[in-house]
Amino acid sequence: MNGARAASGAEGGKPKPGSGRSANPFLRALRRFVRHKAAMIGFAWIVVIMVVGIFAPLIATHDPAAQLAEPFEGPSTAHFLGTDDLGRDVFSRLVYASQVALRASFQIVGMALVVSLVLGLVSGYAGKSVDYVTMRVVDGMSSFPPLVFAIAIAAVLGPGLGNAMLAISVIFIPGLTRLIRGQTLAVKEETFIEASRAIGTKAATILWRRVLPNLASPLIVQVSVLLGAALLAEASLSFIGLGVQPPDASWGQMLRRSYDFIFNHPWHMLAPGIAIVLAVLAWNLVGDGLRDSMGHRSVRAPRKVRKGARLGVTSVRRDEPAAGAPNPAALLSVRDLRISFATESGPVTVVDGVSFDVAPGEVVGLVGESGSGKSMTSLGIMRLIPTPPGWISGGSVTFMGKDLLSLSAAELRRVRGKDLSMIYQDPMSSLNPAFTIGNQLVETLTLHTDLRGKHAWNRAAELLDMVGIADPRVRLKQYPHELSGGMRQRVVIAQALACQPKLLIADEPTTALDVTIQAEILDLLRSLRRDLDMSMIFVTHDLGVVADICDRVIVLYAGQIVEQAPVDELFRSPRHPYSKALLKAMPQVAGAGERLFAIPGVVPLPAEFPSGCRFGPRCAERLPECGDQPIHLGGIPLLNEVRCLRAEQLKEAQLG
Amino acid sequence: MGTLILRRLLAIVPVMLLVSFAVFMLVALIPGDAATTLAGGANATEERIAEIREEYGFNEPIPVQYWEWLRGALVLDFGNSLIDGRPVMESIGSRFPVTMTIACVALGLGVVVGSAAGIVSGMRPGSLSDGLAILGASLGMAVPGFWLAMVLIALFSIELGWFPPGGFTPLTEDPVEWLRSLVLPSVSLGALAAATQARQLRASLIDVMNSAYVRTAWGKGGTPVRVVGKHALKNAAMPAVTILGLQLGSLIGGAVIIEQIFSVPGLGTYLLDAVLALDLPVIQGIVVFFALIQVILMLLLDISYGLLNPKVRAS
């Protein structure tokens with residue numbers, strides 16, 4: 001199978017950039033970091049400061065302590081940045097002070113890190129009373145405003161850079177300790193640690209091998225931010241006279257001198273101030289860059305997509321004019337729908353030329369595994385895919401005679417939630433946790449009907465009653481977290497039905513629920529469909545549900561329709577090998593004691609769709625020519641069609 | 001909700017005990033003989049050293065010393081200043097309103113400006129306005145407040161003469177002058193708060209805007225104002241509110257230096273004067289007082305967090 005995939009890739013001609021992802025997360029993070037422009041600018045500046053600090057004697061034009069000229073001379077060729085109150089060369093003092101700035105921040109963070117590692121690891125690993133005491137001490141320490149605490153410690157220790165650094169490192173300990181303890185706890189909970197403890201691995205070994213690698217990425221980010229904060233704190237303490245003592249130069253202490261003469265020479269403070277700002281900014285940029293490269297970085301969409309993108313509405317950027325006329329008799333007519341996404345390796349098309357109709361009163365099933373494009377298709381019809389990263393790159397969606405893809409945001413708002421509404425996959429997260437059920441239901445009514453106040457609340461109660469929720473008046477006043485999963489899904493359904501939609505898109509409405517609730521919700525949808533006479537698109541991976549409720553089935557694979565047929569026909573004689581495999585994988589099909597059939601492999605990622613038959617690499621009936629070129633749909637368009645070279649052949653084989 | 005408040009109130013007790021012990025132990029950090037150092041170092045008279053030793057109970061064992069000190073601290077009696085001899089708490093009482101005014105105005109500025117920037121950029125990550133907001137926030141994080149203060153003085157006081165370069169006019173004396181004397185200190189102090197608020201709100205707003213319930217809100221036909229202003233912001237505000245306590249803490253810390261630059265007679269100037277003269281009772285008193293303020297603020301924020309989040313309210 002791997003061979004087949006490799007072969008189809010080779011035939012595709014152009015290897016996609018970046019599709020060869022590195023297996024090592026560290027290398028990947030490093031590569032992203034190197035590509036992160038802002039972070040690299042910050043990093044470069046830190047390198048500059050380091051070089052300047054190390055080679056200060058070579059770079060400085062004068063002795064930083066020598067009083068060579070008149071005080072407060074302006075910039076000249078002899079003194080690039082002029083002279084200070086004692087006639088010393090400002091540029092040379094800045095250069096030497098960069099040594100202090102970097103050394104101080106590294107030492108401060110280093111000291112804090114050593115103490116916090118010990119405290120955090122021991123506290124997180126030992127747990128119980130050790131942990132309790134440590135964390136209370138950490139709580140106590142973080143009750144002080146940090147800078148004030150540092151000032152107080154530095155004050156009693158006495159002025160001087162060493163004492164100031166010690167005082168500052170103390171205020172970094174609570175935060176670092178919490179971070180390290182948290183990560184240690186998290187790793188400790190994981191079973192593999194439990195297991196290795198059971199087989200007698202020494203605690204120190206566990207900590208070293210398991211905790212530290214997990215800790216590395218959050219810690220690296222935190223450290224780079226703290227390095228900037230340390231620099232700032234050192235400058236502050238030197239500014240108030242507790243840090244670096246004259247005649248040594250530090251940026252904060254130079255600022256102090258300028259402050260003393262601010263009325264006569266107001267702009268003398270610019271140079272040291274800018275030096276501090278740039279250095280702190282550089283550390284922060286590096287920190288942000290590290291965070292971005294280690295987490296999930298959002299990908300920038302192409303400019304033409306970003307431009308004019310509106311909140312809450314998927315942008316439509318058709319590559320070519322919409323082809324295929326809509327069916328005027330249909331309630332919904334989707335033609336050649338294409339949906340694209342920006343990814344790190346460039347734009348990919350996740351839904352590729354999907355066409356189908358939904359007649360008034362009809363229930364159409366969209367089936368396929370995860371990644372087949374069924375949810376994307378339904379969200380695309382609603383134009384609910386956020387732009388960026390997604391956009392509709394082609395086709396048309398005609399609903400009640402209007403092309404939804406040509407509507408303005410305001411026009412679309414009048415359709416959404418009223419004639420066209422949707423039930424979402426996850427009832428746990430599709431209700432807003434911060435508002436009551438009643439508030440959210442009434443909101444839908446207010447948006448599309450004239451019902452207000454008491455009338456709206458009465459209608460909301462009716463809706464809850466309709467979806468089988470007892471005590472609707474009580475429920476209306478409750479928050480989503482006070483309801484069970486099944487009840488929440490009923491609320492989501494009630495909300496979708498609030499304005500009596502003509503078409504309801506149900507995206508896996510029962511997947512997140514347990515089996516008995518599933519059956520209840522399906523019964524509910526079936527009876528509602530009968531009573532309200534609406535059309536439905538039923539998105540699911542469960543063919544059992546499809547047989548139960550749908551009139552027609554559309555099988556999607558890797559963003560394309562591979563088969564479309566009336567429900568009886570698909571179940572009786574599926575023609576596409578993928579449909580067959582899906583049917584065979586239904587738990588209901590396997591006899592008692594039989595092993596459940598599973599389709600080998602997974603749906604490829606959009607960037608890796610084969611150029612020939614997309615199911616080819618996983619197909620049991622594959623022929624060599626299947627990988628040659630894209631396969632087209634054959635049969636009766638929009639009614640009974642299949643995307644397979646061998647459809648006829650296999651059908652005959654089945655009949656014969 | 002009532003039990004939540006009570007539980008949080010009780011949790012303050014051990015924390016404040018720890019805080020008070022840490023502050024008391026500051027005296028142990030003084031290098032050499034503490035009594036000699038406090039009396040003024042090498043040129044201190046024997047009588048003065050003995051006096052200090054007696055006053056601080058340095059002859060007693062540490063637990064007894066702590067107990068004596070804590071008994072005073074419990075009724076906010078931190079002793080008298082070594083410099084002017086006035087009770088520390090009295091000075092704190094008269095200076096605190098000044099510091100609080102500046103910190104609150106700065107926080108207000110920070111929240112308003114920072115929230116606006118955070119909302120604008122969090123709504124459309126990657127856009128031009130987002131880029132500008134991020135740049136502004138990054139600068140706000142990197143600029144030391146005391147340098148910003150100097151730049152503002154140079155520009156608006158010395159060059160333009162719009163605001164006084166220092167001093168503080170009480171509200172009761174002259175409201176207009178009071179406001180003018182507040183502007184520069186609050187802006188220098190509030191810049192960091194604004195930057196922090198903007199970054200925090202941006203991050204949580206981006207999360208929330210990608211959530212399923214915001215999609216539901218769009219799907220029901222919600223307008224951008226309704227979806228962002230109602231559904232997204234109420235949830236995004238929660239993490240932003242939780243860091244407000246830390247924000248005010250760092251504002252009070254920052255105020256210490258800003259006050260000195262503008263010669264504002266607040267707690268900060270009091271602390272820095274005490275720091276340079278090693279006026280221990282004043283240092284201890286102010287640090288405990290600051291910690292108390294911060295702990296109380298955290299409590300208030302916990303409560304407001306409960307009001308925002310129905311899940312917390314219920315439990």
# chains A, B, ... in the order shown; residues from 1 in each chain; ligands from 1
>>> interface_residues(of="chain A", to="chain B", cutoff="6 Å", atoms="only C-alpha atoms", output="PDB file with N, CA and C atoms, in the first residue's frame")
ATOM      1  N   GLY A 140       2.397  32.762  49.080  1.00  0.00           N
ATOM      2  CA  GLY A 140       2.767  33.899  49.912  1.00  0.00           C
ATOM      3  C   GLY A 140       3.711  34.834  49.166  1.00  0.00           C
ATOM      4  N   SER A 143       2.187  37.136  46.699  1.00  0.00           N
ATOM      5  CA  SER A 143       1.243  38.148  47.163  1.00  0.00           C
ATOM      6  C   SER A 143       1.856  39.534  47.172  1.00  0.00           C
ATOM      7  N   PHE A 144       3.174  39.603  47.022  1.00  0.00           N
ATOM      8  CA  PHE A 144       3.810  40.924  46.985  1.00  0.00           C
ATOM      9  C   PHE A 144       3.799  41.442  45.553  1.00  0.00           C
ATOM     10  N   PRO A 145       3.562  42.746  45.403  1.00  0.00           N
ATOM     11  CA  PRO A 145       3.833  43.295  44.075  1.00  0.00           C
ATOM     12  C   PRO A 145       5.314  43.034  43.791  1.00  0.00           C
ATOM     13  N   LEU A 147       7.921  44.042  41.974  1.00  0.00           N
ATOM     14  CA  LEU A 147       9.016  45.003  42.004  1.00  0.00           C
ATOM     15  C   LEU A 147       9.248  45.541  43.416  1.00  0.00           C
ATOM     16  N   VAL A 148       8.147  45.742  44.149  1.00  0.00           N
ATOM     17  CA  VAL A 148       8.258  46.247  45.517  1.00  0.00           C
ATOM     18  C   VAL A 148       9.039  45.256  46.378  1.00  0.00           C
ATOM     19  N   ALA A 155      17.097  46.521  49.203  1.00  0.00           N
ATOM     20  CA  ALA A 155      17.378  47.598  50.146  1.00  0.00           C
ATOM     21  C   ALA A 155      18.072  47.062  51.390  1.00  0.00           C
ATOM     22  N   VAL A 156      17.546  45.963  51.968  1.00  0.00           N
ATOM     23  CA  VAL A 156      18.172  45.472  53.203  1.00  0.00           C
ATOM     24  C   VAL A 156      19.511  44.805  52.908  1.00  0.00           C
ATOM     25  N   LEU A 157      19.650  44.201  51.706  1.00  0.00           N
ATOM     26  CA  LEU A 157      20.937  43.587  51.370  1.00  0.00           C
ATOM     27  C   LEU A 157      22.003  44.641  51.137  1.00  0.00           C
ATOM     28  N   PRO A 266      16.809  67.847  28.268  1.00  0.00           N
ATOM     29  CA  PRO A 266      15.698  66.880  28.324  1.00  0.00           C
ATOM     30  C   PRO A 266      15.911  65.643  27.452  1.00  0.00           C
ATOM     31  N   VAL A 277      14.689  49.555  25.631  1.00  0.00           N
ATOM     32  CA  VAL A 277      13.471  49.159  24.920  1.00  0.00           C
ATOM     33  C   VAL A 277      13.786  48.103  23.862  1.00  0.00           C
ATOM     34  N   VAL A 280      14.679  44.648  25.488  1.00  0.00           N
ATOM     35  CA  VAL A 280      13.521  43.947  26.057  1.00  0.00           C
ATOM     36  C   VAL A 280      12.598  43.482  24.938  1.00  0.00           C
ATOM     37  N   LEU A 281      12.393  44.363  23.962  1.00  0.00           N
ATOM     38  CA  LEU A 281      11.549  44.019  22.814  1.00  0.00           C
ATOM     39  C   LEU A 281      12.100  42.780  22.111  1.00  0.00           C
ATOM     40  N   GLY A 312     -17.561  35.853  10.397  1.00  0.00           N
ATOM     41  CA  GLY A 312     -18.737  35.013  10.442  1.00  0.00           C
ATOM     42  C   GLY A 312     -19.305  34.624   9.095  1.00  0.00           C
ATOM     43  N   ARG A 413     -27.620  36.816   6.720  1.00  0.00           N
ATOM     44  CA  ARG A 413     -28.120  36.758   8.094  1.00  0.00           C
ATOM     45  C   ARG A 413     -29.617  36.511   8.140  1.00  0.00           C
ATOM     46  N   ARG A 416     -29.942  32.579   7.396  1.00  0.00           N
ATOM     47  CA  ARG A 416     -29.390  31.715   8.432  1.00  0.00           C
ATOM     48  C   ARG A 416     -30.240  31.738   9.678  1.00  0.00           C
ATOM     49  N   GLY A 417     -30.520  30.551  10.192  1.00  0.00           N
ATOM     50  CA  GLY A 417     -31.272  30.471  11.436  1.00  0.00           C
ATOM     51  C   GLY A 417     -32.755  30.590  11.204  1.00  0.00           C
ATOM     52  N   SER A 429     -20.440  21.946  23.364  1.00  0.00           N
ATOM     53  CA  SER A 429     -19.766  23.223  23.142  1.00  0.00           C
ATOM     54  C   SER A 429     -20.540  24.151  22.214  1.00  0.00           C
ATOM     55  N   SER A 430     -21.676  23.704  21.649  1.00  0.00           N
ATOM     56  CA  SER A 430     -22.328  24.630  20.720  1.00  0.00           C
ATOM     57  C   SER A 430     -23.354  25.541  21.383  1.00  0.00           C
ATOM     58  N   LEU A 431     -23.512  25.409  22.702  1.00  0.00           N
ATOM     59  CA  LEU A 431     -24.306  26.408  23.418  1.00  0.00           C
ATOM     60  C   LEU A 431     -23.342  27.287  24.212  1.00  0.00           C
ATOM     61  N   ASN A 432     -23.672  28.577  24.308  1.00  0.00           N
ATOM     62  CA  ASN A 432     -22.787  29.501  25.003  1.00  0.00           C
ATOM     63  C   ASN A 432     -22.889  29.296  26.517  1.00  0.00           C
TER      64      ASN A 432
END
>>> residues_around(residues="B:Asp207", least_positions_apart="5", cutoff="9 Å", atoms="only C-alpha atoms", output="VMD selection string")
chain B and resid 122 202 236
>>> residues_around(residues="A:Asp471", least_positions_apart="6", cutoff="12 Å", atoms="only C-alpha atoms", output="number ranges by chain")
A: 461-465, 477-478, 487
>>> select_by_dssp(residues="stretch 209-428 of chain A", states="strand (DSSP E)", output="PyMOL selection string")
chain A and resi 332-343+346-358+363-367+390-399+402-403+420-423
>>> atom_distance(atom1="atom CA of A:Gly361", atom2="atom CA of A:Cys499")
16.6 Å
>>> residues_around(residues="A:Ala112", least_positions_apart="3", cutoff="6 Å", atoms="only C-alpha atoms", output="list in words")
Val109, Val115, Ser116, Ser169 and Ile173 of chain A
>>> write_last_selection(atoms="N, CA and C atoms", output="CSV table (one decimal), in the first residue's frame")
chain,number,residue,atom,x,y,z
A,109,VAL,N,17.9,35.0,35.7
A,109,VAL,CA,17.0,34.0,35.3
A,109,VAL,C,17.7,32.6,35.6
A,115,VAL,N,16.7,27.3,41.4
A,115,VAL,CA,15.8,27.1,42.6
A,115,VAL,C,14.5,26.6,42.2
A,116,SER,N,13.9,27.1,41.2
A,116,SER,CA,12.5,26.7,40.8
A,116,SER,C,12.5,25.3,40.3
A,169,SER,N,15.9,37.8,41.2
A,169,SER,CA,15.7,36.4,40.9
A,169,SER,C,14.6,35.8,41.9
A,173,ILE,N,10.9,33.4,41.1
A,173,ILE,CA,10.7,32.0,41.5
A,173,ILE,C,9.3,31.5,41.6
>>> residues_around(residues="B:Glu177", least_positions_apart="3", cutoff="12 Å", atoms="only C-alpha atoms", output="ChimeraX atom specification")
/B:162-164,166-174,180-183
>>> write_last_selection(atoms="N, CA and C atoms", output="PDB file, in the first residue's frame")
ATOM      1  N   TRP B 162       2.355  71.588  28.451  1.00  0.00           N
ATOM      2  CA  TRP B 162       0.936  71.292  28.634  1.00  0.00           C
ATOM      3  C   TRP B 162       0.612  70.795  30.031  1.00  0.00           C
ATOM      4  N   PHE B 163       1.502  70.006  30.581  1.00  0.00           N
ATOM      5  CA  PHE B 163       1.231  69.413  31.897  1.00  0.00           C
ATOM      6  C   PHE B 163       2.390  69.719  32.830  1.00  0.00           C
ATOM      7  N   PRO B 164       2.118  69.775  34.140  1.00  0.00           N
ATOM      8  CA  PRO B 164       3.211  70.016  35.088  1.00  0.00           C
ATOM      9  C   PRO B 164       4.192  68.838  35.082  1.00  0.00           C
ATOM     10  N   GLY B 166       5.771  67.625  37.485  1.00  0.00           N
ATOM     11  CA  GLY B 166       5.792  66.884  38.739  1.00  0.00           C
ATOM     12  C   GLY B 166       4.859  67.516  39.736  1.00  0.00           C
ATOM     13  N   GLY B 167       4.827  66.919  40.947  1.00  0.00           N
ATOM     14  CA  GLY B 167       3.961  67.431  41.993  1.00  0.00           C
ATOM     15  C   GLY B 167       2.571  66.853  41.868  1.00  0.00           C
ATOM     16  N   PHE B 168       1.798  67.048  42.911  1.00  0.00           N
ATOM     17  CA  PHE B 168       0.456  66.506  42.936  1.00  0.00           C
ATOM     18  C   PHE B 168      -0.453  67.482  43.624  1.00  0.00           C
ATOM     19  N   THR B 169      -1.490  67.939  42.938  1.00  0.00           N
ATOM     20  CA  THR B 169      -2.440  68.863  43.537  1.00  0.00           C
ATOM     21  C   THR B 169      -3.637  68.073  44.035  1.00  0.00           C
ATOM     22  N   PRO B 170      -3.969  68.174  45.339  1.00  0.00           N
ATOM     23  CA  PRO B 170      -5.138  67.431  45.821  1.00  0.00           C
ATOM     24  C   PRO B 170      -6.415  67.889  45.128  1.00  0.00           C
ATOM     25  N   LEU B 171      -7.335  66.947  44.972  1.00  0.00           N
ATOM     26  CA  LEU B 171      -8.604  67.213  44.289  1.00  0.00           C
ATOM     27  C   LEU B 171      -9.360  68.349  44.963  1.00  0.00           C
ATOM     28  N   THR B 172      -9.306  68.350  46.304  1.00  0.00           N
ATOM     29  CA  THR B 172     -10.061  69.348  47.060  1.00  0.00           C
ATOM     30  C   THR B 172      -9.526  70.761  46.821  1.00  0.00           C
ATOM     31  N   GLU B 173      -8.252  70.829  46.444  1.00  0.00           N
ATOM     32  CA  GLU B 173      -7.635  72.149  46.287  1.00  0.00           C
ATOM     33  C   GLU B 173      -8.005  72.780  44.948  1.00  0.00           C
ATOM     34  N   ASP B 174      -7.867  71.979  43.892  1.00  0.00           N
ATOM     35  CA  ASP B 174      -8.112  72.506  42.547  1.00  0.00           C
ATOM     36  C   ASP B 174      -8.337  71.332  41.588  1.00  0.00           C
ATOM     37  N   ARG B 180      -4.709  67.648  35.778  1.00  0.00           N
ATOM     38  CA  ARG B 180      -3.499  67.876  34.978  1.00  0.00           C
ATOM     39  C   ARG B 180      -2.299  67.171  35.589  1.00  0.00           C
ATOM     40  N   SER B 181      -2.247  67.181  36.924  1.00  0.00           N
ATOM     41  CA  SER B 181      -1.083  66.549  37.562  1.00  0.00           C
ATOM     42  C   SER B 181      -1.177  65.024  37.486  1.00  0.00           C
ATOM     43  N   LEU B 182      -2.367  64.495  37.200  1.00  0.00           N
ATOM     44  CA  LEU B 182      -2.542  63.050  37.125  1.00  0.00           C
ATOM     45  C   LEU B 182      -2.171  62.474  35.760  1.00  0.00           C
ATOM     46  N   VAL B 183      -2.303  63.316  34.715  1.00  0.00           N
ATOM     47  CA  VAL B 183      -2.231  62.779  33.349  1.00  0.00           C
ATOM     48  C   VAL B 183      -0.920  62.045  33.073  1.00  0.00           C
TER      49      VAL B 183
END
>>> closest_residue(among="B:Val282, B:Val13, B:Leu301, B:Val64", to="B:Gly85", atoms="only C-alpha atoms")
B:Val282
>>> residues_around(residues="B:Met238", least_positions_apart="2", cutoff="12 Å", atoms="only C-alpha atoms", output="PyMOL selection string")
(chain A and resi 433-434) or (chain B and resi 197+200-201+203-205+208+232-236+240-244+301-310+312)
>>> atom_distance(atom1="atom CA of A:Asp63", atom2="atom CA of A:Ser92")
6.9 Å
>>> select_by_dssp(residues="stretch 30-270 of chain A", states="alpha helix (DSSP H)", output="MDAnalysis selection string")
chainID A and resid 30:35 37:54 56:59 90:126 128:141 146:157 161:189 191:198 203:206 212:239 251:260 270
>>> residues_around(residues="B:Gly136", least_positions_apart="5", cutoff="12 Å", atoms="only C-alpha atoms", output="ChimeraX atom specification")
/A:281 /B:113-114,117-118,121,129-131,141-143,191-192,194-199
>>> atom_distance(atom1="atom CA of A:His265", atom2="atom CA of A:Gly82")
11.9 Å
>>> closest_residue(among="A:Val305, A:Pro247, A:Ala38, A:Arg291", to="B:Ile134", atoms="only C-alpha atoms")
A:Ala38
>>> closest_residue(among="A:Pro630, A:Gly243, A:Pro610, A:Pro326", to="A:Leu231", atoms="only C-alpha atoms")
A:Gly243
>>> closest_residue(among="B:Leu128, B:Ile258, B:Val120, B:Leu82", to="B:Glu51", atoms="only C-alpha atoms")
B:Leu82
